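Have a look at coords-v8.txt; it's compact mmCIF, N, CA and C atoms:
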# COMPACT_ATOMS: atom_id res chain seq x y z
N MET A 20 0.07 -5.27 35.05
CA MET A 20 -1.21 -5.39 34.36
C MET A 20 -1.16 -4.72 32.99
N ASN A 21 -0.57 -3.54 32.95
CA ASN A 21 -0.48 -2.80 31.69
C ASN A 21 0.41 -3.54 30.70
N ASP A 22 1.47 -4.22 31.21
CA ASP A 22 2.36 -4.98 30.36
C ASP A 22 1.63 -6.15 29.71
N VAL A 23 0.71 -6.78 30.44
CA VAL A 23 -0.06 -7.90 29.91
C VAL A 23 -0.95 -7.44 28.77
N ILE A 24 -1.57 -6.28 28.91
CA ILE A 24 -2.44 -5.75 27.86
C ILE A 24 -1.63 -5.45 26.61
N VAL A 25 -0.44 -4.89 26.77
CA VAL A 25 0.41 -4.59 25.62
C VAL A 25 0.81 -5.88 24.91
N ASN A 26 1.20 -6.93 25.66
CA ASN A 26 1.58 -8.20 25.05
C ASN A 26 0.40 -8.85 24.34
N ASP A 27 -0.80 -8.78 24.93
CA ASP A 27 -1.98 -9.35 24.28
C ASP A 27 -2.27 -8.64 22.97
N ARG A 28 -2.12 -7.32 22.94
CA ARG A 28 -2.37 -6.57 21.71
C ARG A 28 -1.34 -6.90 20.64
N SER A 29 -0.06 -7.04 21.03
CA SER A 29 0.95 -7.36 20.03
C SER A 29 0.75 -8.78 19.49
N ASP A 30 0.36 -9.73 20.36
CA ASP A 30 0.06 -11.08 19.90
C ASP A 30 -1.13 -11.08 18.95
N LEU A 31 -2.16 -10.28 19.27
CA LEU A 31 -3.33 -10.18 18.41
C LEU A 31 -2.95 -9.58 17.06
N LYS A 32 -2.11 -8.55 17.08
CA LYS A 32 -1.68 -7.92 15.83
C LYS A 32 -0.88 -8.91 14.99
N GLU A 33 0.03 -9.64 15.62
CA GLU A 33 0.84 -10.62 14.91
C GLU A 33 -0.03 -11.72 14.32
N LYS A 34 -1.01 -12.19 15.10
CA LYS A 34 -1.89 -13.26 14.62
C LYS A 34 -2.76 -12.78 13.47
N SER A 35 -3.31 -11.57 13.57
CA SER A 35 -4.17 -11.07 12.51
C SER A 35 -3.39 -10.82 11.23
N VAL A 36 -2.17 -10.33 11.33
CA VAL A 36 -1.35 -10.13 10.13
C VAL A 36 -1.01 -11.47 9.50
N THR A 37 -0.71 -12.48 10.32
CA THR A 37 -0.37 -13.80 9.79
C THR A 37 -1.56 -14.42 9.06
N ILE A 38 -2.74 -14.31 9.63
CA ILE A 38 -3.94 -14.87 8.99
C ILE A 38 -4.27 -14.09 7.71
N PHE A 39 -4.13 -12.77 7.73
CA PHE A 39 -4.36 -11.97 6.53
C PHE A 39 -3.36 -12.35 5.44
N THR A 40 -2.12 -12.63 5.84
CA THR A 40 -1.10 -13.07 4.88
C THR A 40 -1.49 -14.39 4.24
N LEU A 41 -2.04 -15.31 5.04
CA LEU A 41 -2.49 -16.59 4.50
C LEU A 41 -3.56 -16.38 3.43
N PHE A 42 -4.50 -15.46 3.67
CA PHE A 42 -5.54 -15.21 2.69
C PHE A 42 -4.99 -14.55 1.43
N THR A 43 -4.04 -13.64 1.56
CA THR A 43 -3.49 -13.00 0.36
C THR A 43 -2.67 -13.99 -0.46
N THR A 44 -1.93 -14.88 0.19
CA THR A 44 -1.17 -15.86 -0.58
C THR A 44 -2.08 -16.90 -1.20
N THR A 45 -3.19 -17.20 -0.56
CA THR A 45 -4.16 -18.11 -1.16
C THR A 45 -4.75 -17.49 -2.42
N GLY A 46 -4.90 -16.17 -2.43
CA GLY A 46 -5.36 -15.47 -3.63
C GLY A 46 -4.40 -15.65 -4.79
N THR A 47 -3.09 -15.66 -4.51
CA THR A 47 -2.13 -15.89 -5.59
C THR A 47 -2.24 -17.31 -6.12
N LEU A 48 -2.52 -18.24 -5.25
CA LEU A 48 -2.70 -19.62 -5.69
C LEU A 48 -3.94 -19.76 -6.56
N LEU A 49 -5.04 -19.11 -6.14
CA LEU A 49 -6.29 -19.20 -6.90
C LEU A 49 -6.20 -18.50 -8.24
N CYS A 50 -5.56 -17.36 -8.28
CA CYS A 50 -5.56 -16.59 -9.53
C CYS A 50 -4.62 -17.16 -10.56
N CYS A 51 -3.55 -17.76 -10.13
CA CYS A 51 -2.53 -18.09 -11.11
C CYS A 51 -2.11 -19.55 -11.14
N ALA A 52 -1.86 -20.14 -10.00
CA ALA A 52 -1.31 -21.50 -9.97
C ALA A 52 -2.34 -22.55 -10.37
N LEU A 53 -3.52 -22.50 -9.79
CA LEU A 53 -4.53 -23.52 -10.09
C LEU A 53 -4.96 -23.52 -11.55
N PRO A 54 -5.29 -22.37 -12.15
CA PRO A 54 -5.66 -22.41 -13.57
C PRO A 54 -4.54 -22.93 -14.47
N ILE A 55 -3.30 -22.55 -14.18
CA ILE A 55 -2.18 -23.03 -15.00
C ILE A 55 -2.01 -24.54 -14.84
N MET A 56 -2.13 -25.02 -13.61
CA MET A 56 -2.00 -26.46 -13.38
C MET A 56 -3.13 -27.24 -14.05
N PHE A 57 -4.35 -26.70 -13.98
CA PHE A 57 -5.48 -27.38 -14.63
C PHE A 57 -5.30 -27.46 -16.14
N VAL A 58 -4.87 -26.37 -16.75
CA VAL A 58 -4.66 -26.37 -18.20
C VAL A 58 -3.51 -27.31 -18.57
N THR A 59 -2.46 -27.33 -17.78
CA THR A 59 -1.34 -28.23 -18.03
C THR A 59 -1.76 -29.68 -17.97
N LEU A 60 -2.68 -29.99 -17.06
CA LEU A 60 -3.15 -31.36 -16.91
C LEU A 60 -4.28 -31.70 -17.89
N GLY A 61 -4.62 -30.76 -18.78
CA GLY A 61 -5.63 -31.02 -19.79
C GLY A 61 -7.06 -30.81 -19.31
N MET A 62 -7.20 -30.04 -18.27
CA MET A 62 -8.54 -29.78 -17.72
C MET A 62 -8.94 -28.32 -17.95
N GLY A 63 -8.86 -27.90 -19.21
CA GLY A 63 -9.21 -26.52 -19.55
C GLY A 63 -10.66 -26.19 -19.29
N ALA A 64 -11.54 -27.19 -19.42
CA ALA A 64 -12.96 -26.96 -19.14
C ALA A 64 -13.19 -26.61 -17.67
N THR A 65 -12.35 -27.14 -16.80
CA THR A 65 -12.45 -26.81 -15.38
C THR A 65 -12.12 -25.34 -15.15
N VAL A 66 -11.13 -24.83 -15.88
CA VAL A 66 -10.77 -23.41 -15.76
C VAL A 66 -11.91 -22.54 -16.26
N VAL A 67 -12.53 -22.93 -17.36
CA VAL A 67 -13.67 -22.18 -17.89
C VAL A 67 -14.81 -22.17 -16.87
N ALA A 68 -15.09 -23.32 -16.27
CA ALA A 68 -16.15 -23.40 -15.26
C ALA A 68 -15.82 -22.56 -14.03
N MET A 69 -14.54 -22.57 -13.63
CA MET A 69 -14.13 -21.76 -12.47
C MET A 69 -14.30 -20.27 -12.74
N THR A 70 -13.85 -19.83 -13.91
CA THR A 70 -13.93 -18.40 -14.20
C THR A 70 -15.35 -17.94 -14.46
N SER A 71 -16.21 -18.81 -14.94
CA SER A 71 -17.61 -18.40 -15.12
C SER A 71 -18.35 -18.42 -13.79
N THR A 72 -17.97 -19.31 -12.89
CA THR A 72 -18.61 -19.36 -11.58
C THR A 72 -18.07 -18.26 -10.67
N PHE A 73 -16.77 -18.02 -10.73
CA PHE A 73 -16.11 -17.01 -9.89
C PHE A 73 -15.44 -15.97 -10.79
N PRO A 74 -16.19 -14.99 -11.29
CA PRO A 74 -15.60 -14.03 -12.24
C PRO A 74 -14.50 -13.14 -11.65
N PHE A 75 -14.40 -13.07 -10.32
CA PHE A 75 -13.34 -12.26 -9.73
C PHE A 75 -11.95 -12.85 -10.02
N LEU A 76 -11.88 -14.12 -10.41
CA LEU A 76 -10.59 -14.72 -10.75
C LEU A 76 -9.97 -14.06 -11.97
N ILE A 77 -10.82 -13.60 -12.89
CA ILE A 77 -10.30 -12.91 -14.07
C ILE A 77 -9.65 -11.60 -13.67
N THR A 78 -10.27 -10.89 -12.73
CA THR A 78 -9.70 -9.63 -12.24
C THR A 78 -8.39 -9.90 -11.50
N LEU A 79 -8.36 -10.94 -10.67
CA LEU A 79 -7.12 -11.27 -9.96
C LEU A 79 -6.01 -11.60 -10.96
N THR A 80 -6.33 -12.33 -12.00
CA THR A 80 -5.33 -12.70 -13.00
C THR A 80 -4.85 -11.47 -13.78
N LYS A 81 -5.76 -10.56 -14.04
CA LYS A 81 -5.41 -9.35 -14.78
C LYS A 81 -4.39 -8.51 -14.01
N TYR A 82 -4.52 -8.50 -12.69
CA TYR A 82 -3.63 -7.71 -11.84
C TYR A 82 -2.71 -8.60 -11.01
N LYS A 83 -2.23 -9.70 -11.60
CA LYS A 83 -1.44 -10.66 -10.83
C LYS A 83 -0.12 -10.08 -10.33
N VAL A 84 0.46 -9.14 -11.05
CA VAL A 84 1.69 -8.51 -10.56
C VAL A 84 1.43 -7.81 -9.23
N TRP A 85 0.33 -7.08 -9.15
CA TRP A 85 -0.01 -6.39 -7.91
C TRP A 85 -0.40 -7.36 -6.80
N VAL A 86 -1.09 -8.44 -7.18
CA VAL A 86 -1.48 -9.44 -6.18
C VAL A 86 -0.23 -10.09 -5.59
N PHE A 87 0.73 -10.46 -6.45
CA PHE A 87 1.95 -11.06 -5.95
C PHE A 87 2.80 -10.07 -5.16
N ALA A 88 2.87 -8.84 -5.61
CA ALA A 88 3.65 -7.84 -4.88
C ALA A 88 3.05 -7.58 -3.50
N PHE A 89 1.73 -7.41 -3.44
CA PHE A 89 1.08 -7.15 -2.15
C PHE A 89 1.23 -8.33 -1.21
N SER A 90 1.03 -9.54 -1.72
CA SER A 90 1.15 -10.71 -0.84
C SER A 90 2.60 -10.93 -0.42
N GLY A 91 3.56 -10.62 -1.28
CA GLY A 91 4.97 -10.71 -0.90
C GLY A 91 5.32 -9.71 0.19
N ILE A 92 4.78 -8.51 0.08
CA ILE A 92 5.00 -7.50 1.13
C ILE A 92 4.36 -7.95 2.43
N MET A 93 3.17 -8.53 2.34
CA MET A 93 2.51 -9.04 3.55
C MET A 93 3.32 -10.18 4.18
N LEU A 94 3.90 -11.03 3.36
CA LEU A 94 4.77 -12.08 3.89
C LEU A 94 5.98 -11.49 4.60
N ALA A 95 6.57 -10.46 4.02
CA ALA A 95 7.72 -9.82 4.65
C ALA A 95 7.34 -9.18 5.98
N VAL A 96 6.22 -8.48 6.02
CA VAL A 96 5.77 -7.85 7.27
C VAL A 96 5.45 -8.91 8.32
N SER A 97 4.76 -9.95 7.91
CA SER A 97 4.42 -11.02 8.85
C SER A 97 5.68 -11.71 9.37
N GLY A 98 6.64 -11.96 8.51
CA GLY A 98 7.89 -12.56 8.95
C GLY A 98 8.65 -11.67 9.90
N TRP A 99 8.66 -10.38 9.62
CA TRP A 99 9.35 -9.46 10.52
C TRP A 99 8.66 -9.42 11.88
N LEU A 100 7.32 -9.38 11.89
CA LEU A 100 6.61 -9.36 13.17
C LEU A 100 6.88 -10.63 13.98
N MET A 101 7.03 -11.74 13.30
CA MET A 101 7.23 -13.00 14.00
C MET A 101 8.66 -13.20 14.47
N PHE A 102 9.62 -12.85 13.65
CA PHE A 102 11.02 -13.15 13.95
C PHE A 102 11.84 -11.92 14.30
N ARG A 103 11.20 -10.83 14.66
CA ARG A 103 11.93 -9.60 14.97
C ARG A 103 12.72 -9.76 16.26
N PRO A 104 13.82 -9.02 16.39
CA PRO A 104 14.59 -9.07 17.63
C PRO A 104 13.79 -8.45 18.78
N GLY A 105 13.97 -8.99 19.94
CA GLY A 105 13.31 -8.43 21.12
C GLY A 105 11.91 -8.96 21.36
N ARG A 106 11.45 -9.87 20.52
CA ARG A 106 10.13 -10.45 20.73
C ARG A 106 10.21 -11.40 21.91
N SER A 107 9.29 -11.26 22.86
CA SER A 107 9.30 -12.14 24.03
C SER A 107 7.88 -12.39 24.50
N CYS A 108 7.73 -13.47 25.26
CA CYS A 108 6.44 -13.81 25.83
C CYS A 108 6.42 -13.37 27.29
N PRO A 109 5.22 -13.20 27.87
CA PRO A 109 5.12 -12.79 29.27
C PRO A 109 5.73 -13.84 30.21
N THR A 110 6.13 -13.40 31.39
CA THR A 110 6.74 -14.30 32.36
C THR A 110 5.70 -15.11 33.13
N ASP A 111 4.46 -14.66 33.15
CA ASP A 111 3.40 -15.42 33.80
C ASP A 111 3.25 -16.77 33.08
N LYS A 112 3.14 -17.84 33.86
CA LYS A 112 3.15 -19.19 33.27
C LYS A 112 2.02 -19.41 32.27
N ALA A 113 0.79 -19.06 32.63
CA ALA A 113 -0.36 -19.28 31.74
C ALA A 113 -0.25 -18.41 30.48
N LEU A 114 0.09 -17.15 30.68
CA LEU A 114 0.23 -16.26 29.52
C LEU A 114 1.41 -16.66 28.66
N GLY A 115 2.48 -17.12 29.28
CA GLY A 115 3.65 -17.56 28.52
C GLY A 115 3.34 -18.77 27.66
N GLU A 116 2.59 -19.73 28.22
CA GLU A 116 2.21 -20.91 27.45
C GLU A 116 1.29 -20.53 26.30
N ALA A 117 0.34 -19.63 26.56
CA ALA A 117 -0.56 -19.18 25.50
C ALA A 117 0.21 -18.46 24.41
N CYS A 118 1.17 -17.63 24.81
CA CYS A 118 1.98 -16.89 23.84
C CYS A 118 2.83 -17.85 23.02
N SER A 119 3.43 -18.84 23.66
CA SER A 119 4.25 -19.82 22.94
C SER A 119 3.40 -20.63 21.97
N SER A 120 2.23 -21.03 22.41
CA SER A 120 1.33 -21.78 21.53
C SER A 120 0.89 -20.95 20.34
N ALA A 121 0.54 -19.69 20.58
CA ALA A 121 0.14 -18.80 19.49
C ALA A 121 1.30 -18.58 18.52
N HIS A 122 2.51 -18.43 19.06
CA HIS A 122 3.67 -18.21 18.20
C HIS A 122 3.95 -19.46 17.35
N LYS A 123 3.77 -20.64 17.93
CA LYS A 123 3.97 -21.88 17.19
C LYS A 123 2.97 -21.97 16.03
N TRP A 124 1.70 -21.65 16.29
CA TRP A 124 0.68 -21.69 15.24
C TRP A 124 0.92 -20.61 14.20
N ASN A 125 1.37 -19.43 14.64
CA ASN A 125 1.69 -18.36 13.68
C ASN A 125 2.81 -18.79 12.75
N LYS A 126 3.82 -19.47 13.28
CA LYS A 126 4.91 -19.94 12.42
C LYS A 126 4.42 -20.98 11.43
N ARG A 127 3.53 -21.87 11.85
CA ARG A 127 2.98 -22.86 10.93
C ARG A 127 2.19 -22.20 9.81
N ILE A 128 1.35 -21.25 10.18
CA ILE A 128 0.55 -20.54 9.17
C ILE A 128 1.46 -19.74 8.25
N TYR A 129 2.48 -19.12 8.81
CA TYR A 129 3.41 -18.31 8.02
C TYR A 129 4.13 -19.18 6.98
N TRP A 130 4.68 -20.31 7.40
CA TRP A 130 5.42 -21.15 6.46
C TRP A 130 4.50 -21.80 5.44
N THR A 131 3.25 -22.08 5.82
CA THR A 131 2.26 -22.55 4.84
C THR A 131 2.02 -21.47 3.81
N SER A 132 1.92 -20.22 4.25
CA SER A 132 1.72 -19.10 3.33
C SER A 132 2.91 -18.93 2.40
N VAL A 133 4.11 -19.10 2.93
CA VAL A 133 5.31 -18.98 2.09
C VAL A 133 5.31 -20.06 1.01
N VAL A 134 4.94 -21.28 1.37
CA VAL A 134 4.89 -22.38 0.39
C VAL A 134 3.83 -22.09 -0.67
N ILE A 135 2.65 -21.63 -0.24
CA ILE A 135 1.58 -21.30 -1.19
C ILE A 135 2.04 -20.20 -2.14
N TRP A 136 2.69 -19.17 -1.60
CA TRP A 136 3.17 -18.07 -2.43
C TRP A 136 4.23 -18.57 -3.41
N GLY A 137 5.11 -19.44 -2.94
CA GLY A 137 6.15 -19.99 -3.81
C GLY A 137 5.58 -20.82 -4.94
N VAL A 138 4.58 -21.64 -4.64
CA VAL A 138 3.92 -22.44 -5.69
C VAL A 138 3.25 -21.52 -6.71
N GLY A 139 2.54 -20.51 -6.22
CA GLY A 139 1.88 -19.57 -7.12
C GLY A 139 2.87 -18.81 -7.98
N PHE A 140 3.96 -18.35 -7.37
CA PHE A 140 4.98 -17.60 -8.11
C PHE A 140 5.63 -18.48 -9.17
N THR A 141 5.94 -19.71 -8.80
CA THR A 141 6.55 -20.63 -9.75
C THR A 141 5.62 -20.90 -10.92
N ALA A 142 4.35 -21.15 -10.62
CA ALA A 142 3.39 -21.44 -11.69
C ALA A 142 3.15 -20.22 -12.57
N ALA A 143 3.13 -19.03 -11.98
CA ALA A 143 2.79 -17.83 -12.75
C ALA A 143 3.96 -17.25 -13.53
N TYR A 144 5.18 -17.36 -12.99
CA TYR A 144 6.30 -16.65 -13.59
C TYR A 144 7.49 -17.51 -14.01
N VAL A 145 7.60 -18.72 -13.50
CA VAL A 145 8.80 -19.51 -13.76
C VAL A 145 8.57 -20.64 -14.74
N LEU A 146 7.46 -21.34 -14.63
CA LEU A 146 7.25 -22.55 -15.43
C LEU A 146 7.23 -22.30 -16.93
N LEU A 147 6.53 -21.28 -17.38
CA LEU A 147 6.45 -21.03 -18.83
C LEU A 147 7.81 -20.65 -19.42
N PRO A 148 8.57 -19.73 -18.82
CA PRO A 148 9.91 -19.45 -19.39
C PRO A 148 10.82 -20.68 -19.39
N VAL A 149 10.73 -21.51 -18.36
CA VAL A 149 11.56 -22.72 -18.33
C VAL A 149 11.11 -23.68 -19.44
N ARG A 150 9.81 -23.79 -19.62
CA ARG A 150 9.30 -24.66 -20.69
C ARG A 150 9.74 -24.17 -22.06
N ILE A 151 9.69 -22.86 -22.28
CA ILE A 151 10.13 -22.30 -23.55
C ILE A 151 11.63 -22.51 -23.72
N TRP A 152 12.38 -22.31 -22.64
CA TRP A 152 13.84 -22.47 -22.70
C TRP A 152 14.22 -23.92 -23.01
N LEU A 153 13.50 -24.87 -22.44
CA LEU A 153 13.77 -26.29 -22.68
C LEU A 153 13.18 -26.77 -24.00
N ASP A 154 12.36 -25.93 -24.62
CA ASP A 154 11.73 -26.24 -25.91
C ASP A 154 10.87 -27.49 -25.83
N ILE A 155 10.04 -27.55 -24.80
CA ILE A 155 9.13 -28.69 -24.60
C ILE A 155 7.80 -28.39 -25.24
Please express what this file holds, its structure, as structure tokens.
Amino acid sequence: MNDVIVNDRSDLKEKSVTIFTLFTTTGTLLCCALPIMFVTLGMGATVVAMTSTFPFLITLTKYKVWVFAFSGIMLAVSGWLMFRPGRSCPTDKALGEACSSAHKWNKRIYWTSVVIWGVGFTAAYVLLPVRIWLDI
């Protein structure tokens, strides 16, 4: 019985960290990738409307190094919690199926977060130097 409670708590901790990671990586997408993509596509007025409607985006952009660093650390912690050695599901059939299902969804959310973080990082730090280097 005590083992079941410990496994439920670790699954809850893993799930909450994964969901928190999704929100932090979405913040990197909102602060940096979307405005850059809108301006690149010639929709600068959309960026002005976004920043006037949601003024916190200016603060996120001002501290984008910290936003990316924090979300990268969260991705690392979430990945370690998910893929760490010795992670196992309970032997009880119902609990094992629930644990496997939760782990499958956590992996989906995690890889979605990694893709979002990668898009944001590319838009914020890679595209402009490449454009300057290519002299476009």
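Each of A:Thr44, A:Thr110, A:Thr70, A:Asn125 was compared to Val86 (chain A) using all atoms listed in the file, and A:Thr44 turns out to be the nearest.
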Determine, counting all atoms listed in the file, which protein, DNA and RNA residues have an atom within 6 Å of an atom of region 129-134 of chain A; residues of the same chain fewer than 3 positions away are not included. Present the result as a PDB file with N, CA and C atoms, in the coordinates of the input.
ATOM      1  N   THR A  40      -2.120 -12.630   5.840  1.00  0.00           N
ATOM      2  CA  THR A  40      -1.100 -13.070   4.880  1.00  0.00           C
ATOM      3  C   THR A  40      -1.490 -14.390   4.240  1.00  0.00           C
ATOM      4  N   LEU A  41      -2.040 -15.310   5.040  1.00  0.00           N
ATOM      5  CA  LEU A  41      -2.490 -16.590   4.500  1.00  0.00           C
ATOM      6  C   LEU A  41      -3.560 -16.380   3.430  1.00  0.00           C
ATOM      7  N   THR A  44      -1.930 -14.880   0.190  1.00  0.00           N
ATOM      8  CA  THR A  44      -1.170 -15.860  -0.580  1.00  0.00           C
ATOM      9  C   THR A  44      -2.080 -16.900  -1.200  1.00  0.00           C
ATOM     10  N   TRP A 124       1.700 -21.650  16.290  1.00  0.00           N
ATOM     11  CA  TRP A 124       0.680 -21.690  15.240  1.00  0.00           C
ATOM     12  C   TRP A 124       0.920 -20.610  14.200  1.00  0.00           C
ATOM     13  N   ASN A 125       1.370 -19.430  14.640  1.00  0.00           N
ATOM     14  CA  ASN A 125       1.690 -18.360  13.680  1.00  0.00           C
ATOM     15  C   ASN A 125       2.810 -18.790  12.750  1.00  0.00           C
ATOM     16  N   LYS A 126       3.820 -19.470  13.280  1.00  0.00           N
ATOM     17  CA  LYS A 126       4.910 -19.940  12.420  1.00  0.00           C
ATOM     18  C   LYS A 126       4.420 -20.980  11.430  1.00  0.00           C
ATOM     19  N   GLY A 137       5.110 -19.440  -2.940  1.00  0.00           N
ATOM     20  CA  GLY A 137       6.150 -19.990  -3.810  1.00  0.00           C
ATOM     21  C   GLY A 137       5.580 -20.820  -4.940  1.00  0.00           C
ATOM     22  N   VAL A 138       4.580 -21.640  -4.640  1.00  0.00           N
ATOM     23  CA  VAL A 138       3.920 -22.440  -5.690  1.00  0.00           C
ATOM     24  C   VAL A 138       3.250 -21.520  -6.710  1.00  0.00           C
ATOM     25  N   GLY A 139       2.540 -20.510  -6.220  1.00  0.00           N
ATOM     26  CA  GLY A 139       1.880 -19.570  -7.120  1.00  0.00           C
ATOM     27  C   GLY A 139       2.870 -18.810  -7.980  1.00  0.00           C
TER      28      GLY A 139
END
| said: According to DSSP computed on the backbone, where in region 43-128 of chain A is there helix (DSSP H, G or I)? Give the residues as an MDAnalysis selection string. | reply: chainID A and resid 43:59 63:72 75:81 83:102 112:128
| message | Would you pick out the contacts of region 48-51 of chain A at 10 Å or less, using only C-alpha atoms, so that residues sharing its chain but fewer than 2 positions from it are not included, and give the list as a ChimeraX atom specification? | response | /A:42-46,53-56,69-70,75-83,86-87,135-144
Centre and size of axis-aligned box enclosing region 114-121 of chain A plus 6 Å each side, as JSON:
{"center_x": 1.8, "center_y": -19.0, "center_z": 24.6, "size_x": 16.8, "size_y": 17.5, "size_z": 24.2}
| Straight-line distance linking CA of Thr59 (chain A) with CA of Gly91 (chain A), stated in Å to one decimal | 25.3 Å
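Note that the spacing between atom N of Cys108 (chain A) and CA of Ala95 (chain A) amounts to 20.9 Å.
Our summary of the geometry notes that atom C of Val36 (chain A) is positioned 15.6 Å from CA of Cys118 (chain A).
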| remark: Min atom-atom distance to Arg106 (chain A) from the set A:Ser35, A:Ser119, A:Thr47, A:Thr65, counting only C-alpha atoms, belongs to A:Ser119
